[in-house]
file query.txt (compact mmCIF, C-alpha atoms and all ligand atoms)
# COMPACT_ATOMS: atom_id res chain seq x y z
CA MET A 1 -3.00 -55.41 15.32
CA ALA A 2 0.40 -53.72 15.43
CA GLU A 3 1.60 -52.05 18.62
CA PRO A 4 1.42 -48.25 18.52
CA LYS A 5 4.72 -46.96 17.21
CA GLU A 6 6.88 -45.18 19.77
CA ALA A 7 7.28 -41.48 19.05
CA ALA A 8 10.53 -40.76 17.26
CA THR A 9 11.44 -37.85 19.51
CA GLY A 10 10.19 -36.07 22.59
CA THR A 11 8.23 -37.15 25.62
CA LEU A 12 4.84 -36.22 27.04
CA SER A 13 4.95 -32.66 28.37
CA GLU A 14 2.87 -30.06 30.17
CA LEU A 15 4.76 -27.30 28.34
CA THR A 16 4.25 -26.19 24.77
CA SER A 17 7.17 -26.26 22.34
CA TYR A 18 7.20 -22.46 22.43
CA GLU A 19 7.36 -22.40 26.25
CA LYS A 20 10.29 -24.83 26.18
CA TRP A 21 12.07 -22.60 23.71
CA ILE A 22 11.69 -19.35 25.69
CA GLN A 23 12.67 -21.09 28.94
CA GLY A 24 15.88 -22.18 27.27
CA GLU A 25 16.78 -18.66 26.09
CA GLY A 26 17.93 -17.60 29.57
CA ILE A 27 16.20 -14.20 29.74
CA PRO A 28 13.32 -13.01 31.98
CA ILE A 29 9.76 -13.94 31.00
CA HIS A 30 7.17 -11.37 32.07
CA THR A 31 3.58 -12.59 32.39
CA GLY A 32 0.20 -11.26 33.61
CA PHE A 33 -2.18 -8.68 32.13
CA PHE A 34 0.00 -5.62 31.96
CA VAL A 35 3.51 -4.12 31.78
CA GLU A 36 3.62 -0.68 33.40
CA ASP A 37 6.64 0.70 31.53
CA LEU A 38 8.51 -1.13 28.76
CA ARG A 39 11.22 1.53 28.83
CA THR A 40 12.40 0.39 32.27
CA LEU A 41 11.52 -3.33 32.05
CA ALA A 42 14.27 -5.55 33.53
CA LEU A 43 16.37 -7.22 30.80
CA GLU A 44 19.19 -9.79 30.88
CA PRO A 45 21.97 -10.65 28.38
CA TRP A 46 20.52 -12.58 25.44
CA GLU A 47 23.05 -14.77 23.68
CA ARG A 48 20.91 -15.30 20.56
CA LYS A 49 20.63 -11.56 19.87
CA GLY A 50 23.92 -10.30 21.26
CA GLY A 51 22.14 -7.66 23.38
CA LEU A 52 19.80 -7.59 26.39
CA GLY A 53 16.29 -8.98 26.31
CA ALA A 54 13.12 -10.18 28.01
CA PHE A 55 10.07 -12.05 26.77
CA ILE A 56 6.57 -10.75 27.47
CA ASN A 57 3.83 -13.39 27.46
CA LEU A 58 0.65 -11.61 28.49
CA GLU A 59 -2.50 -13.52 29.39
CA GLY A 60 -4.50 -12.05 26.50
CA THR A 61 -2.36 -13.47 23.72
CA GLY A 62 -3.76 -16.99 24.13
CA GLN A 63 -0.22 -18.00 23.09
CA THR A 64 -1.08 -17.10 19.50
CA ASN A 65 1.58 -14.36 19.42
CA ASP A 66 4.11 -12.90 21.87
CA ALA A 67 6.31 -9.91 22.54
CA TYR A 68 9.88 -9.29 23.58
CA VAL A 69 11.96 -6.26 24.47
CA CYS A 70 15.53 -6.00 23.22
CA GLU A 71 18.24 -3.46 23.93
CA ILE A 72 21.28 -2.73 21.76
CA PRO A 73 24.28 -1.55 23.82
CA PRO A 74 25.68 1.97 23.15
CA GLY A 75 27.67 1.95 19.91
CA GLY A 76 26.89 -1.74 19.42
CA SER A 77 24.98 -3.99 17.07
CA LEU A 78 22.96 -7.18 17.41
CA LYS A 79 23.74 -10.45 15.62
CA PRO A 80 22.16 -11.01 12.18
CA GLN A 81 18.90 -13.00 12.45
CA ARG A 82 16.36 -14.69 10.26
CA HIS A 83 13.34 -16.67 11.44
CA LEU A 84 10.19 -18.24 10.18
CA PHE A 85 7.84 -16.05 12.19
CA GLU A 86 6.58 -12.54 11.57
CA GLU A 87 7.90 -9.67 13.67
CA LEU A 88 6.56 -6.12 14.08
CA ILE A 89 9.12 -3.77 15.65
CA PHE A 90 8.34 -0.56 17.56
CA VAL A 91 11.33 1.51 18.72
CA LEU A 92 11.01 2.62 22.36
CA SER A 93 14.17 4.70 22.75
CA GLY A 94 17.36 5.74 20.98
CA ARG A 95 18.10 5.73 17.28
CA GLY A 96 19.95 3.49 14.87
CA ALA A 97 19.75 1.55 11.63
CA THR A 98 18.75 -1.87 10.34
CA THR A 99 20.16 -3.78 7.38
CA VAL A 100 17.85 -6.26 5.62
CA TRP A 101 18.69 -8.75 2.86
CA GLN A 102 17.80 -12.05 1.30
CA GLU A 103 20.62 -14.66 1.30
CA GLY A 104 23.01 -13.73 -1.53
CA GLY A 105 21.02 -10.57 -2.32
CA LYS A 106 21.63 -6.84 -2.06
CA LYS A 107 21.66 -5.31 1.44
CA LEU A 108 19.25 -2.46 2.23
CA THR A 109 19.88 -0.17 5.19
CA PHE A 110 17.43 2.29 6.72
CA GLU A 111 17.48 4.48 9.82
CA TRP A 112 15.02 4.60 12.71
CA GLN A 113 14.44 6.50 15.94
CA ALA A 114 12.20 6.32 19.01
CA GLY A 115 8.64 6.02 17.67
CA SER A 116 9.52 4.19 14.45
CA LEU A 117 7.53 1.13 13.35
CA PHE A 118 8.67 -1.48 10.81
CA SER A 119 8.84 -5.20 10.13
CA PRO A 120 11.77 -7.30 8.90
CA PRO A 121 10.09 -9.35 6.14
CA LEU A 122 9.41 -13.01 7.00
CA ASN A 123 12.63 -15.09 7.11
CA ALA A 124 14.75 -12.30 5.54
CA TRP A 125 18.12 -11.64 7.19
CA HIS A 126 18.21 -8.50 9.33
CA GLN A 127 20.69 -6.84 11.65
CA HIS A 128 20.13 -3.88 14.00
CA PHE A 129 22.73 -1.21 14.82
CA ASN A 130 22.70 1.39 17.59
CA GLY A 131 23.41 4.81 16.04
CA GLN A 132 24.53 6.39 19.30
CA GLY A 133 27.73 5.71 21.21
CA ASP A 134 26.58 7.06 24.54
CA GLN A 135 23.21 5.40 25.14
CA PRO A 136 21.37 2.15 24.49
CA ALA A 137 18.61 1.76 21.88
CA ARG A 138 15.57 -0.28 22.95
CA TYR A 139 12.76 -1.77 20.89
CA VAL A 140 9.75 -4.00 21.51
CA ALA A 141 8.63 -6.62 19.00
CA VAL A 142 5.40 -8.58 18.58
CA THR A 143 5.90 -11.91 16.81
CA THR A 144 4.03 -14.99 15.61
CA ALA A 145 6.68 -17.27 17.20
CA PRO A 146 4.23 -19.14 19.50
CA THR A 147 1.98 -20.23 16.62
CA MET A 148 4.88 -21.18 14.34
CA ILE A 149 6.99 -22.98 16.96
CA ASN A 150 4.05 -24.85 18.46
CA LEU A 151 2.87 -26.07 15.04
CA LEU A 152 6.26 -27.05 13.64
CA HIS A 153 8.24 -27.81 16.87
CA ASN A 154 11.54 -27.85 15.05
CA LEU A 155 13.82 -24.90 15.91
CA ASP A 156 16.26 -25.71 13.12
CA PHE A 157 13.47 -25.30 10.57
CA ILE A 158 12.34 -22.02 12.25
CA PHE A 159 15.80 -20.40 12.62
CA ASN A 160 17.85 -22.00 9.86
CA ASN A 161 15.56 -22.18 6.87
CA PRO A 162 16.88 -21.07 3.45
CA PHE A 163 13.46 -20.42 1.88
CA GLN A 164 13.10 -16.85 0.57
CA PHE A 165 9.63 -15.32 0.65
CA ARG A 166 10.17 -13.20 -2.45
CA ASP A 167 6.42 -12.58 -2.65
CA ARG A 168 6.92 -10.50 0.53
CA PHE A 169 10.33 -8.94 -0.14
CA SER A 170 12.77 -9.24 -3.03
CA GLY A 171 15.29 -6.49 -2.29
CA GLU A 172 13.30 -3.53 -3.69
CA ASP A 173 15.42 -0.36 -3.21
CA ASP A 174 12.57 1.70 -1.77
CA TYR A 175 11.12 -1.05 0.47
CA PHE A 176 11.81 0.84 3.72
CA SER A 177 11.53 4.38 2.31
CA GLY A 178 8.23 5.02 4.12
CA HIS A 179 6.18 5.30 0.95
CA GLY A 180 2.87 3.48 0.88
CA VAL A 181 -0.52 2.88 -0.66
CA SER A 182 -3.79 3.93 0.94
CA PHE A 183 -6.92 1.77 0.92
CA PRO A 184 -10.48 2.60 1.96
CA GLY A 185 -11.17 2.26 5.67
CA ARG A 186 -8.20 4.34 6.86
CA VAL A 187 -5.72 1.62 5.75
CA TRP A 188 -2.11 2.59 4.94
CA ASP A 189 -0.01 -0.17 3.35
CA THR A 190 3.69 0.54 4.01
CA ASN A 191 6.87 -1.03 5.39
CA PHE A 192 8.17 1.82 7.52
CA VAL A 193 6.53 4.47 9.72
CA ALA A 194 9.05 7.07 10.91
CA ASP A 195 7.16 8.13 14.05
CA VAL A 196 3.86 6.71 15.28
CA THR A 197 3.55 9.44 17.92
CA ASN A 198 2.79 12.14 15.34
CA PHE A 199 1.44 10.15 12.36
CA LYS A 200 -1.66 11.89 10.95
CA LEU A 201 -4.91 10.07 11.77
CA SER A 202 -8.44 10.13 10.29
CA THR A 203 -11.75 10.44 12.10
CA TRP A 204 -13.29 7.15 13.23
CA GLU A 205 -16.86 7.81 14.32
CA ALA A 206 -17.99 4.22 14.89
CA ARG A 207 -15.88 3.72 18.03
CA GLY A 208 -17.22 6.98 19.49
CA ALA A 209 -16.19 10.19 21.28
CA GLY A 210 -14.33 12.07 18.56
CA GLY A 211 -11.67 9.39 18.09
CA SER A 212 -9.30 9.07 15.13
CA ASN A 213 -7.33 6.17 13.74
CA VAL A 214 -5.14 4.65 11.02
CA MET A 215 -4.64 0.96 10.15
CA PHE A 216 -1.27 -0.35 8.90
CA GLU A 217 -0.49 -3.27 6.65
CA LEU A 218 3.26 -3.96 6.96
CA ALA A 219 5.68 -6.12 4.93
CA ASN A 220 2.90 -8.34 3.53
CA ASN A 221 2.35 -9.82 6.98
CA THR A 222 -0.64 -11.67 8.38
CA MET A 223 -0.27 -9.50 11.49
CA ALA A 224 -1.16 -5.82 11.21
CA ALA A 225 -1.18 -2.63 13.30
CA HIS A 226 -3.20 0.46 14.05
CA ILE A 227 -2.95 3.76 15.90
CA SER A 228 -5.92 5.28 17.71
CA GLU A 229 -6.25 8.60 19.50
CA PHE A 230 -9.08 10.04 21.58
CA PRO A 231 -9.52 13.54 22.99
CA VAL A 232 -9.16 14.92 26.53
CA GLY A 233 -12.23 14.28 28.69
CA THR A 234 -13.51 11.35 26.60
CA TYR A 235 -13.55 7.59 26.46
CA LYS A 236 -14.16 5.03 23.72
CA LYS A 237 -16.92 2.47 23.40
CA ALA A 238 -16.34 -1.01 24.83
CA HIS A 239 -15.80 -3.81 22.34
CA ARG A 240 -14.35 -7.32 22.14
CA HIS A 241 -12.52 -9.53 19.68
CA GLY A 242 -9.94 -12.32 19.38
CA PRO A 243 -6.64 -12.69 21.27
CA GLY A 244 -3.24 -11.11 20.79
CA ALA A 245 -3.88 -7.36 20.27
CA HIS A 246 -0.86 -5.77 22.00
CA VAL A 247 -1.81 -2.20 23.02
CA PHE A 248 1.16 0.17 23.53
CA ILE A 249 0.43 3.57 25.07
CA ILE A 250 2.30 6.25 23.09
CA GLY A 251 0.58 9.42 24.33
CA GLY A 252 -1.45 10.61 27.32
CA LYS A 253 -2.55 9.03 30.55
CA GLY A 254 -5.64 7.07 31.54
CA TYR A 255 -6.97 3.62 32.21
CA SER A 256 -8.73 0.68 30.58
CA LEU A 257 -11.41 -1.66 31.88
CA LEU A 258 -11.31 -5.33 30.86
CA TRP A 259 -14.03 -7.87 31.62
CA PRO A 260 -15.45 -11.17 30.43
CA GLU A 261 -19.20 -10.82 29.71
CA GLY A 262 -21.25 -10.66 32.92
CA GLN A 263 -18.20 -10.72 35.21
CA GLU A 264 -16.21 -8.24 37.29
CA MET A 265 -14.04 -5.60 35.63
CA THR A 266 -10.25 -5.40 35.87
CA ARG A 267 -8.86 -1.86 35.78
CA ILE A 268 -5.45 -1.06 34.32
CA ASP A 269 -3.97 2.41 34.85
CA TRP A 270 -1.62 3.31 32.00
CA ARG A 271 0.78 5.98 30.77
CA VAL A 272 3.35 6.30 27.99
CA GLY A 273 5.39 3.07 27.91
CA SER A 274 2.60 0.81 29.20
CA LEU A 275 1.51 -2.40 27.40
CA PHE A 276 -1.54 -4.61 27.85
CA VAL A 277 -3.40 -7.26 25.84
CA PRO A 278 -7.19 -7.64 26.24
CA PRO A 279 -7.89 -11.37 26.61
CA GLU A 280 -9.88 -13.19 23.91
CA ARG A 281 -13.54 -12.14 23.83
CA TRP A 282 -13.20 -9.93 26.92
CA PHE A 283 -14.84 -6.54 26.58
CA HIS A 284 -12.36 -3.69 26.90
CA GLN A 285 -12.80 0.05 27.06
CA HIS A 286 -10.19 2.84 27.02
CA PHE A 287 -10.50 6.07 29.06
CA ASN A 288 -8.52 9.30 28.69
CA ALA A 289 -8.09 10.55 32.25
CA GLY A 290 -5.27 13.00 31.56
CA ALA A 291 -4.65 16.50 30.26
CA ASP A 292 -3.47 15.43 26.76
CA PRO A 293 -4.94 13.39 23.91
CA ALA A 294 -4.50 9.65 24.57
CA ARG A 295 -2.86 7.71 21.76
CA TYR A 296 -1.98 4.04 21.45
CA LEU A 297 -0.37 1.71 18.94
CA ALA A 298 -1.84 -1.79 18.58
CA LEU A 299 0.24 -4.62 17.09
CA ARG A 300 -2.06 -7.55 16.41
CA TRP A 301 -3.57 -10.17 14.14
CA GLY A 302 -6.01 -8.93 11.54
CA SER A 303 -4.38 -8.04 8.21
CA ARG A 304 -7.06 -7.18 5.69
CA LYS A 305 -4.83 -8.30 2.81
CA TYR A 306 -4.09 -11.74 4.23
CA ARG A 307 -6.98 -12.88 6.39
CA ARG A 308 -6.69 -15.86 8.74
CA GLY A 309 -10.39 -16.71 8.66
CA GLU A 310 -10.73 -15.91 12.35
CA GLU A 311 -13.74 -13.73 11.63
CA ILE A 312 -15.62 -16.75 10.30
CA ALA A 313 -15.15 -18.63 13.58
CA ARG A 314 -15.95 -15.90 16.07
CA GLY A 315 -17.14 -12.76 14.38
CA ARG A 316 -14.93 -10.27 12.60
CA ASP A 317 -11.33 -9.94 13.71
CA VAL A 318 -10.12 -6.86 15.57
CA ASN A 319 -10.98 -3.59 13.85
CA THR A 320 -11.86 -4.98 10.48
CA ALA A 321 -14.98 -2.88 10.06
CA GLY A 322 -17.04 -5.87 11.08
CA LYS A 323 -18.82 -7.05 14.20
CA SER A 324 -16.54 -5.14 16.59
CA GLU A 325 -18.19 -1.95 15.30
CA ILE A 326 -21.77 -3.26 15.65
CA SER A 327 -23.84 -3.11 18.83
CA VAL A 328 -24.12 -6.30 20.89
CA LYS A 329 -27.88 -5.71 20.70
CA LEU A 330 -27.65 -6.30 16.94
CA GLY A 331 -25.42 -9.35 17.26
CA GLY A 332 -22.15 -7.40 17.17
CA ASP A 333 -19.30 -6.95 19.65
CA GLN A 334 -19.53 -3.27 20.66
CA ILE A 335 -21.41 -1.77 23.62
CA GLU A 336 -23.02 1.57 22.71
CA TYR A 337 -22.71 4.38 25.29
CA ASP A 338 -26.42 4.27 26.11
CA ASP A 339 -26.23 0.56 26.91
CA GLU A 340 -23.22 0.56 29.20
CA ASP A 341 -23.12 -0.03 32.96
CA PRO A 342 -23.79 3.38 34.60
CA ARG A 343 -20.80 2.78 36.93
CA ILE A 344 -18.55 3.30 33.91
CA LEU A 345 -19.42 6.98 33.45
CA GLN A 346 -19.41 7.49 37.22
CA MET A 347 -15.87 6.09 37.51
CA PHE A 348 -14.76 8.31 34.63
CA ASN A 349 -16.28 11.43 36.22
CA GLU A 350 -14.35 10.67 39.41
CA ALA A 351 -11.08 10.02 37.57
CA CYS A 352 -11.34 13.30 35.64
CA ALA A 353 -12.33 15.29 38.75
CA LYS A 354 -9.19 14.05 40.47
CA VAL A 355 -6.96 15.59 37.82
CA GLY A 356 -9.14 18.66 37.12
CA VAL A 357 -10.19 17.61 33.58
CA GLU A 358 -13.63 18.52 32.23
CA VAL A 359 -15.68 15.48 31.12
CA LYS A 360 -16.97 15.85 27.55
CA MET A 361 -19.14 12.76 27.27
CA VAL A 362 -22.72 14.05 27.70
CA ARG A 363 -23.16 14.87 24.00
CA PHE A 364 -22.41 11.24 23.05
CA PHE A 365 -25.32 9.82 25.03
CA GLN A 366 -28.80 9.75 23.47
CA LYS A 367 -30.59 9.34 26.78
CA LYS A 368 -29.82 12.23 29.13
FE FE B 401 -9.75 -3.86 20.92
call {"tool": "encode", "arguments": {"input": "query.txt", "output": "structure tokens"}}
result
Amino acid sequence: MAEPKEAATGTLSELTSYEKWIQGEGIPIHTGFFVEDLRTLALEPWERKGGLGAFINLEGTGQTNDAYVCEIPPGGSLKPQRHLFEELIFVLSGRGATTVWQEGGKKLTFEWQAGSLFSPPLNAWHQHFNGQGDQPARYVAVTTAPTMINLLHNLDFIFNNPFQFRDRFSGEDDYFSGHGVSFPGRVWDTNFVADVTNFKLSTWEARGAGGSNVMFELANNTMAAHISEFPVGTYKKAHRHGPGAHVFIIGGKGYSLLWPEGQEMTRIDWRVGSLFVPPERWFHQHFNAGADPARYLALRWGSRKYRRGEEIARGRDVNTAGKSEISVKLGGDQIEYDDEDPRILQMFNEACAKVGVEVKMVRFFQKK
């Protein structure tokens, strides 16, 4: 029998290919469950981008996706980029413009501001410009880099690949105009949202307590997004799903509880600028403990146009009108108000009393 052939490249390693890549980029890597304020997160010069940056690898991503923050200096621009991973961009501060093109094709330029959401189409060239000379512009992105780099482990293929995904983007003039198509289930298919903080939402009764929501399909991606809002004095029902749902707080003040079934809860107190990712299959529940409606943007897996099949393996993916809206008593992944741990309402009563907010939850319980 022949001797096993020596591997052509590489050696045995404790690190994933993605981890090796981010460690070589020379910028901070933030880990854990939570980032308190992305707007003030420490950044360092990032040669690849030509601006400042930091990676965010939160526990709950399961290294299926990641996030990074990038800042464009006043009056400056970043270097043109293309890459073989999806990227959803949410602008945290400032205003500016982005130019997008396929190699050899027409260049499209559109403007954005704090609150804008868009996605450079997969492997299309894109370049970001700061529109203000006196202050930086900062954005956060969620990407599929960990999955792509770990599977392919060839950075030249990821960052220097001439293939054009014309099924996703072929230079259409109105691609980033903000127009879109609506689908049943509160789904809006678009490539640009001017401001997620005041985008009009629709009622979503299944998740409880007078909440409202919209789902986004962006740039023919496999990742997707949604915005949810819930009123003063209320909280949502607990639910669970797969990894990688990055939750950005864009309005209000409150907290979330995260827990693996049957185990202790972790509490995260959030405000505008905070980010957290509920770990895979952990229950999580969001509480408005402030004087204004609480609103968040989630950037995550779970496109309904291009499914990954995750729902087959472990119940429906996040927010796809499947098991995460059905009671755990019926085999689903949501805990109805009447079935929750009584300490949850007690904690909420205390949190609201502290800030002088009236609790409006009684009407949502069947048992009084
Ligand atoms: Fe969730």
call {"tool": "closest_residue", "arguments": {"input": "query.txt", "among": "A:Glu14, A:Glu47, A:Glu86, A:Asp341", "to": "A:Leu218", "atoms": "all atoms listed in the file"}}
result
A:Glu86
call {"tool": "closest_residue", "arguments": {"input": "query.txt", "among": "A:Pro121, A:Pro184, A:Gly60, A:Pro80", "to": "ligand FE 401 (chain B)", "atoms": "only C-alpha atoms and all ligand atoms"}}
result
A:Gly60
call {"tool": "residues_around", "arguments": {"input": "query.txt", "residues": "A:Pro28", "least_positions_apart": "6", "cutoff": "9 Å", "atoms": "all atoms listed in the file", "output": "list of chain:residue names"}}
result
A:Ala42, A:Leu43, A:Glu44, A:Gly53, A:Ala54, A:Phe55, A:Ile56
call {"tool": "atom_distance", "arguments": {"input": "query.txt", "atom1": "atom CA of A:Tyr235", "atom2": "atom CA of A:Phe287"}}
result
4.3 Å
call {"tool": "closest_atom_pairs", "arguments": {"input": "query.txt", "of": "stretch 69-140 of chain A", "to": "stretch 152-157 of chain A", "cutoff": "12 Å", "atoms": "all atoms listed in the file", "output": "tab-separated table"}}
result
residue	atom	partner	partner_atom	distance
A:Arg82	CA	A:Phe157	CA	11.0
A:His83	CA	A:Phe157	CA	8.7
A:Leu84	CA	A:Phe157	CA	7.8
A:Phe85	CA	A:Phe157	CA	10.9
A:Asn123	CA	A:Phe157	CA	10.8
call {"tool": "closest_residue", "arguments": {"input": "query.txt", "among": "A:Gly178, A:Gly254, A:Gly105, A:Gly302", "to": "ligand FE 401 (chain B)", "atoms": "only C-alpha atoms and all ligand atoms"}}
result
A:Gly302
call {"tool": "residues_near_ligand", "arguments": {"input": "query.txt", "ligand": "ligand FE 401 (chain B)", "cutoff": "9 Å", "atoms": "all atoms listed in the file", "output": "list in words"}}
result
Ala238, His239, Arg240, His241, Gly242, Ala245, Val247, Val277, Pro278, Phe283, His284, Gln285, Ala298, Val318, Asn319 and Ser324 of chain A
call {"tool": "atom_distance", "arguments": {"input": "query.txt", "atom1": "atom CA of A:Phe34", "atom2": "atom CA of A:Glu229"}}
result
19.9 Å
call {"tool": "closest_residue", "arguments": {"input": "query.txt", "among": "A:Pro342, A:Pro279, A:Pro231, A:Gly331", "to": "A:Gly32", "atoms": "only C-alpha atoms"}}
result
A:Pro279
call {"tool": "residues_around", "arguments": {"input": "query.txt", "residues": "A:Asn221", "least_positions_apart": "5", "cutoff": "9 Å", "atoms": "all atoms listed in the file", "output": "PyMOL selection string"}}
result
chain A and resi 86-87+119+121-122+168+303+305-306
call {"tool": "closest_atom_pairs", "arguments": {"input": "query.txt", "of": "stretch 56-99 of chain A", "to": "stretch 36-39 of chain A", "cutoff": "8 Å", "atoms": "all atoms listed in the file", "output": "Markdown table"}}
result
| residue | atom | partner | partner_atom | distance |
| --- | --- | --- | --- | --- |
| A:Val69 | CA | A:Leu38 | CA | 7.5 |
| A:Leu92 | CA | A:Arg39 | CA | 6.6 |
| A:Ser93 | CA | A:Arg39 | CA | 7.5 |
call {"tool": "atom_distance", "arguments": {"input": "query.txt", "atom1": "atom CA of A:Ile72", "atom2": "atom CA of A:Phe110"}}
result
16.3 Å
call {"tool": "closest_residue", "arguments": {"input": "query.txt", "among": "A:Tyr139, A:Trp101, A:Trp125, A:Trp270", "to": "A:Leu41", "atoms": "all atoms listed in the file"}}
result
A:Tyr139
call {"tool": "closest_residue", "arguments": {"input": "query.txt", "among": "A:Ser17, A:Met215, A:Arg166, A:Gly273", "to": "A:Val91", "atoms": "only C-alpha atoms"}}
result
A:Gly273
call {"tool": "residues_around", "arguments": {"input": "query.txt", "residues": "A:His128", "least_positions_apart": "6", "cutoff": "6 Å", "atoms": "all atoms listed in the file", "output": "list of chain:residue names"}}
result
A:Ser77, A:Leu78, A:Ala97, A:Thr98
call {"tool": "residues_near_point", "arguments": {"input": "query.txt", "point": "(4.2, 5.3, 2.0)", "cutoff": "10 Å", "atoms": "all atoms listed in the file", "output": "ChimeraX atom specification"}}
result
/A:174-182,188-193
call {"tool": "decode", "arguments": {"input": "query.txt", "residues": "stretch 154-160 of chain A", "atoms": "all heavy atoms", "output": "tab-separated table (two decimals), in the first residue's frame"}}
result
chain	number	residue	atom	x	y	z
A	154	ASN	N	-8.16	29.76	0.31
A	154	ASN	CA	-7.24	30.30	-0.69
A	154	ASN	C	-7.61	31.78	-0.88
A	154	ASN	O	-8.58	32.11	-1.54
A	154	ASN	CB	-7.38	29.53	-2.00
A	154	ASN	CG	-6.37	29.99	-3.04
A	154	ASN	OD1	-6.20	31.19	-3.26
A	154	ASN	ND2	-5.69	29.05	-3.67
A	155	LEU	N	-6.80	32.67	-0.25
A	155	LEU	CA	-7.16	34.09	-0.23
A	155	LEU	C	-7.09	34.72	-1.62
A	155	LEU	O	-7.81	35.66	-1.92
A	155	LEU	CB	-6.26	34.86	0.75
A	155	LEU	CG	-6.42	34.45	2.22
A	155	LEU	CD1	-5.43	35.20	3.09
A	155	LEU	CD2	-7.86	34.70	2.71
A	156	ASP	N	-6.24	34.19	-2.47
A	156	ASP	CA	-6.15	34.72	-3.84
A	156	ASP	C	-7.47	34.47	-4.57
A	156	ASP	O	-7.98	35.35	-5.28
A	156	ASP	CB	-4.98	34.03	-4.55
A	156	ASP	CG	-4.62	34.73	-5.85
A	156	ASP	OD1	-4.78	35.96	-5.93
A	156	ASP	OD2	-4.18	34.04	-6.79
A	157	PHE	N	-8.06	33.30	-4.38
A	157	PHE	CA	-9.33	32.99	-5.01
A	157	PHE	C	-10.45	33.88	-4.44
A	157	PHE	O	-11.33	34.34	-5.16
A	157	PHE	CB	-9.67	31.51	-4.76
A	157	PHE	CG	-10.86	31.01	-5.54
A	157	PHE	CD1	-10.74	30.68	-6.87
A	157	PHE	CD2	-12.10	30.86	-4.92
A	157	PHE	CE1	-11.83	30.21	-7.59
A	157	PHE	CE2	-13.20	30.39	-5.63
A	157	PHE	CZ	-13.06	30.06	-6.97
A	158	ILE	N	-10.39	34.15	-3.12
A	158	ILE	CA	-11.42	34.97	-2.46
A	158	ILE	C	-11.33	36.45	-2.88
A	158	ILE	O	-12.35	37.09	-3.15
A	158	ILE	CB	-11.28	34.88	-0.91
A	158	ILE	CG1	-11.51	33.44	-0.42
A	158	ILE	CG2	-12.19	35.88	-0.20
A	158	ILE	CD1	-12.94	32.99	-0.38
A	159	PHE	N	-10.10	36.99	-2.94
A	159	PHE	CA	-9.94	38.44	-3.14
A	159	PHE	C	-9.50	38.83	-4.55
A	159	PHE	O	-9.38	40.01	-4.85
A	159	PHE	CB	-8.93	39.01	-2.13
A	159	PHE	CG	-9.45	39.01	-0.72
A	159	PHE	CD1	-9.02	38.08	0.20
A	159	PHE	CD2	-10.40	39.94	-0.32
A	159	PHE	CE1	-9.50	38.06	1.50
A	159	PHE	CE2	-10.90	39.94	0.97
A	159	PHE	CZ	-10.46	39.01	1.89
A	160	ASN	N	-9.21	37.86	-5.38
A	160	ASN	CA	-8.70	38.21	-6.71
A	160	ASN	C	-9.31	37.29	-7.76
A	160	ASN	O	-8.63	36.63	-8.54
A	160	ASN	CB	-7.17	38.09	-6.70
A	160	ASN	CG	-6.55	38.64	-7.96
A	160	ASN	OD1	-7.14	39.50	-8.63
A	160	ASN	ND2	-5.36	38.16	-8.30
